[in-house]
Amino acid sequence: MKKLLLILTMLVSVCGFATAAEPDAVRVKPVGGDAILLQFTANPQVAYTTTGVTITATGQDAVTLDFDEIEFIDFVDLGSVSEVEANAVTVRVTESALVIENAEEGSNLTIFSIDGKLLLNATIADTFSIDRSRFQKGVYIVKINKTTFKLVL
């Protein structure tokens, strides 16, 4: 199930290619750690196990992560990575709401159920709140422009 979520997350992230600057790297953000950047020119390779993923790239050390350790995966233009990290979009879950912060004005928000069903498609301001009662317990994929999050309620 977690392997499917990672694959879906990567596929959903790819959809952002048409409207954004041409990405030249994939960024993997571990929970509670620094982002790992893998340049496309380094030919990143992904090997899946039943519990996680190992990513190797020419000239870089192999990275192995359990699916639970991955906060998000997105595609970036290395020329703008420091700007993206400094103004990173965040999704917080409170008792009553899902709160999205630091999104650009006019950002596109999409929320999918784990089975790929589109639940919400909206244009949002830099801060946006969604009533949590709209969502049952489960796993969701939240995409804000090119940044994709796994959300477990």
# chains A, B, ... in the order shown; residues from 1 in each chain; ligands from 1
call {"tool": "residues_around", "arguments": {"residues": "A:Arg134", "least_positions_apart": "5", "cutoff": "12 Å", "atoms": "only C-alpha atoms", "output": "ChimeraX atom specification"}}
result
/A:96-98,111,119-120,129,153
call {"tool": "residues_around", "arguments": {"residues": "stretch 29-35 of chain A", "least_positions_apart": "5", "cutoff": "6 Å", "atoms": "only C-alpha atoms", "output": "number ranges by chain"}}
result
A: 69-72
call {"tool": "residues_around", "arguments": {"residues": "stretch 60-68 of chain A", "least_positions_apart": "5", "cutoff": "7 Å", "atoms": "only C-alpha atoms", "output": "PyMOL selection string"}}
result
chain A and resi 2+51-55
call {"tool": "select_by_dssp", "arguments": {"residues": "stretch 13-147 of chain A", "states": "strand (DSSP E or B)", "output": "PyMOL selection string"}}
result
chain A and resi 25-30+36-39+45-48+52-57+60-66+70-76+90-93+97-101+107-113+118-124+128-131+139-144+147
call {"tool": "closest_residue", "arguments": {"among": "A:Val46, A:Val26, A:Ala103, A:Ile73", "to": "A:Asp126", "atoms": "only C-alpha atoms"}}
result
A:Ala103
call {"tool": "closest_residue", "arguments": {"among": "A:Ile130, A:Lys150, A:Gln136, A:Ile141", "to": "A:Lys117", "atoms": "only C-alpha atoms"}}
result
A:Ile141
call {"tool": "atom_distance", "arguments": {"atom1": "atom CA of A:Gly106", "atom2": "atom CA of A:Lys137"}}
result
28.4 Å
call {"tool": "atom_distance", "arguments": {"atom1": "atom CA of A:Ala122", "atom2": "atom CA of A:Glu101"}}
result
14.7 Å
call {"tool": "atom_distance", "arguments": {"atom1": "atom CA of A:Gly138", "atom2": "atom CA of A:Ile124"}}
result
23.4 Å
call {"tool": "closest_residue", "arguments": {"among": "A:Thr56, A:Ser133, A:Asn145, A:Thr127", "to": "A:Leu109", "atoms": "only C-alpha atoms"}}
result
A:Asn145
call {"tool": "closest_residue", "arguments": {"among": "A:Asn43, A:Tyr48, A:Asn102, A:Gly116", "to": "A:Phe128", "atoms": "only C-alpha atoms"}}
result
A:Asn102
